[in-house]
Each structure stands twice: as structure tokens, then as C-alpha cells.
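Asks: Take a look at the following structure, please.
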Amino acid sequence: MTRSPVRSTATCSDGDLLGRLEAREADALEVLYGRYSAYVMGVSLRILGTREEAEEVVQDVFWQLWKATLRYDPARGRFSTWLFSVTRNRCIDRLRATARMPRSDGDELARLVSADDQEGEAVLVERQKEVRAQLERLPREQRQAIELAFFRGLSHGEIAASTGEALGTVKSRIRRGLLRLKEGLESLPECAR
Amino acid sequence: MTEHDELLELAGVYALGGLSPEDRARLAEHVADGCRECEAALGSASRLADELLLAVTPVQPSPGVRAQLMDRVRSESSEIAAPPSVPGAPRRVLRRRSSLRASFAAAAGVLLTVGLAALSGVLASRLARESAARGDLEDALDYQETISWSMARDLERERSERVSLENRLTNMSRIVATIEAPLVRTLALAGQGDFQSAMAKAYLEPESGRLIVYAHNLPRVPDGRTYQLWVIVDKRPISAGLLQADAKGEAKYDTGPLANLGGPVTVAVTLEPAGGVPQPTGPLVLASG
């Protein structure tokens, strides 16, 4: 009887796939890639702005996962969000290494809110809608400050200089924006994976 | 607002990035000191930041990215898993065996291959862990080397400063010993000619033949010229060295032991060509009475 590893692996949980990855099963990496590469690419593209650089990060993140130099700690939450967070950090590091400043007006999150969903993991897509809905409820200036800090890696001082606002105002906007997001998201059931 | 309240607010936005290095250090120290509330706020903010990433629109990478990644992975896997080959040997054995034995051998070969593959997998996994651990150790070693290098550099600088201080202390001790010597003579040097504002004091210790001069208000020397110190004994000038004035026009000079300072001595300074001359040629700047 023949057995297709890819087919049987495709329905595995992330935890099972990571176990197989540790046993050096390339199929497990391929399934994880299929499951999350579009999100890793989305985060990279959002931060870096070019497909070429974003694809370099995608390749690098999954290669490091295979080489076990990136190690997932379940205490950090779901594997998917950990992976996206790792991706974001790598992209921000790249931005800082080249001392690039934000190219946008800092309202990328507003555009995200109205962006069309693409196909992806059903649970992630559902959670994505919830996060976007909460972002949509934020005042523009709070979204902008969060965007500049989170997706552009700017310090609060740099945001103040970039927007012409007082440092205290920037800090306050970020804090209030995050608080509203937190309250909004906590009132929703968390997706399970 | 207490410091804790302020740090609690920082903890709430920490995961978003953007805190200054100083604020990050303060927060880390505060949490390390055992503040559970701030630690919980950090965790909560971190989870929220992770959620924010879900707002990003997924974008499919080019198909080439997956192909390149998997080629790289499978290429590495085959390098690790490939068993060592013994050219020729299996072929000769198989030719002499019956079909039954050949089937058994084939089955055993499959089992062996599966076993080797599994073993390779285990070994590869262990290798990967050990490589990662080695990487961590290498990082730690690099860090230690950096620290060691930095410490060695600091040590060398401190050693150099200590030697310099010891030299200065020795010189000062010698000067003090000369000035405090019981037979020391003090000579006042007055400005001469165009150098009326200049003045100096010389301490002469006949026993050791040492002369120490402190000069003040010396005009800046023109390019290509220098101040030269003379000891005049029996109307014969003896060069005692070159004086170098600082920006304030002050100069301090210790001649070291000189001979024949027991009798009447005149001390003088002249302006001479750079490098000094055997006998005074330039204008008189300072002279003792």
C-alpha cells in the first residue's frame, strides 16, 4: 500500500507538523509553507514594500525554521502568530539596517481594513476579519501612530518628528489605540489552533 | 504618577516597538526586579501585537520561492541521509545468490534503507540541535571574545595611564626634592628688551647640579624659532636645553644634572633658531640678576 506523505501531512495540526519538522521531514515544511507563506509574504511586503525583498524574507524565515535556528516556543501563543511576529522583527531589522524611513503616510492600517480578503486558512481569515473590524473602529490618528511604530519600526520620538505632533501626544495615541484594540479583541472568541 | 505606573504604561506598548533604549532598559530592570503586573502587561501587549499582524493581507509569493526553498531542503537532506557507497561489492554478491536469497536480501536492503533513513533522520535531527547549540555557543564565545578584547584594551589603556602617572609623579618628586634641598638657590629671571612681560623663577641645586625653571608670560615663538635656556658660569654660556611654552605662555623645565654650578651662576633664556644653537645668537628674553 502506498502512502502519500504530503496528503496525510496536510491535515496535521501545526504542533504535529513541527514535530515532524524536528524529525527532518521536508514534507512537513512544505505543508507549513503552503499554510502560512502568504501571510509571511503579506507581513514582509507590508513592511519592506518590494516583492523581491519580501520573498527573500519568506525564503529566509522558512529556511531558518527548517534549520531549527528559529525555535517556536508554545508559551508565545499560537505558532502562526509567533511566525508572523518573527517575520515582522526580521523586516524591521532590515529597515533599520538600511536606515530607511517610512514611505507611506502611516495610514496603511486604514487601507488594510478595506483590503479584499484572499484565500487562506479559514480560521486565520476569520480572525483577520475581526482584527480589521477593530482597527476600523480606531480614530485615524491612533491607527496612524500604531502603524508607524509597528509596521515601520519608528520610535515614538521619530513618529512625533514625522507627524509634527508632541511626543506625549504620540505616546498617548498609541496607548489609547492599543487599549481599545485589546478591549475589542478580548470581547471576541479567539480562534483555536 | 509613580514610576511603576509609568512603566506599566510602557509595558502596554512595548511589543509594538518604538520605546527608547533607556525606557526599554528601565522596564527590563523593573520586571527583572519582580514586578508581576508589568510582566503580565508585557505578555498581554505581546499577544495583541501578534494579533495585529493578522490584519495584513496575505500575498502569495512567487512559485519560484517555494521551489527554491524545497530544492535547498531536499538537497541538504539527501546530503545528510545518503549512505556511504561501496562501489562494485553488492553487485558481485548478488550475482552468486539464489532468487530466494536475492529476495531476502532485497527485503533486508529495504529494511536497512528504511532503518538508515530513520537513523539518518534521528541523526540529522540531533545534528541540527547540536548545530544550533554550537551556534549559540559560538555566539557566546564571540561575545566573550568581544568582552575580553574590550577588557584587554581597557586594561592596556589603564596600564599606559598608570605608567604616565608614575612618570609624572617621579618628575614631580624630583622637582620637589630639588626645590626643598637645603642648599637650593632661587633665582628670579626678568624679562629683557621686547620681552618685558616675561618672567621666570629658577631653582638651582648645586649639589646635584640640577636646575628647574618655571617661566610665565612668554610670547608665542615665531615659526622656525625656539626658546633656549643657558647657564652662564665664569662668563661662559652652557646650553641647558630648549623651553617649550604652552598656549598660556608658561614653560616648565628640568635640566637634569649639570656640572660646575657651585660658583656664581647666571641663568638666561634667548630666542634661537629651531633646534637650538651651541652658543647664544638671538635676542635675550630672560636673565637672572
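By order in the C-alpha cells, chains are A, B, ...; within a chain, residues start at 1; ligands start at 1, following the order shown.
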Hey, what's within 10 Å of B:Pro219 if we count only C-alpha atoms and toss same-chain stuff fewer than 6 positions away? As a PyMOL selection string, please?
Replies: chain B and resi 194-195+197-198+245-250+285
Asks: Report the closest atom pair, with its distance in Å rounded to one decimal, for each residue of chain A that has an atom no farther than 7 Å from chain B; count only C-alpha atoms, sort by chain and then rising residue number, and write it as a tab-separated table.
Replies:
residue	atom	partner	partner_atom	distance
A:Glu22	CA	B:Ser125	CA	5.9
A:Ala23	CA	B:Ser125	CA	5.5
A:Arg24	CA	B:Gly121	CA	5.8
A:Ala26	CA	B:Val73	CA	6.8
A:Ala38	CA	B:Gln60	CA	4.5
A:Tyr39	CA	B:Pro58	CA	4.5
A:Met41	CA	B:Val59	CA	5.7
A:Gly42	CA	B:Pro58	CA	4.5
A:Val43	CA	B:Val56	CA	6.0
A:Glu55	CA	B:Pro61	CA	6.3
A:Gln59	CA	B:Leu69	CA	6.3
A:Trp63	CA	B:Leu69	CA	6.9
A:Lys67	CA	B:Ala128	CA	6.5
A:Ala68	CA	B:Ala128	CA	6.6
A:Thr69	CA	B:Ala132	CA	5.9
A:Thr81	CA	B:Asp50	CA	5.3
A:Trp82	CA	B:Asp50	CA	6.9
A:Phe84	CA	B:Leu53	CA	6.5
A:Ser85	CA	B:Asp50	CA	5.9
A:Leu112	CA	B:Val56	CA	6.4
A:Ala115	CA	B:Thr57	CA	7.0
A:Asp117	CA	B:Thr57	CA	6.6
A:Gln118	CA	B:Pro58	CA	6.4
A:Gln128	CA	B:Leu54	CA	5.1
A:Val131	CA	B:Ala55	CA	5.8
A:Arg132	CA	B:Ala55	CA	5.5
A:Ala149	CA	B:Gly18	CA	5.5
A:Phe150	CA	B:Leu16	CA	5.1
A:Gly153	CA	B:Gly17	CA	6.4
A:Leu154	CA	B:Gly18	CA	5.5
A:Ser155	CA	B:Gly18	CA	3.5
A:His156	CA	B:Gly18	CA	5.2
A:Arg175	CA	B:Val13	CA	6.2
A:Lys182	CA	B:Leu48	CA	6.5
Asks: May I ask which of the residues B:Ala40, B:Ala188, B:Leu8, B:Met172 is the closest one to B:Val267, counting only C-alpha atoms?
Replies: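 Smallest separation from B:Val267 among the options: B:Ala188.
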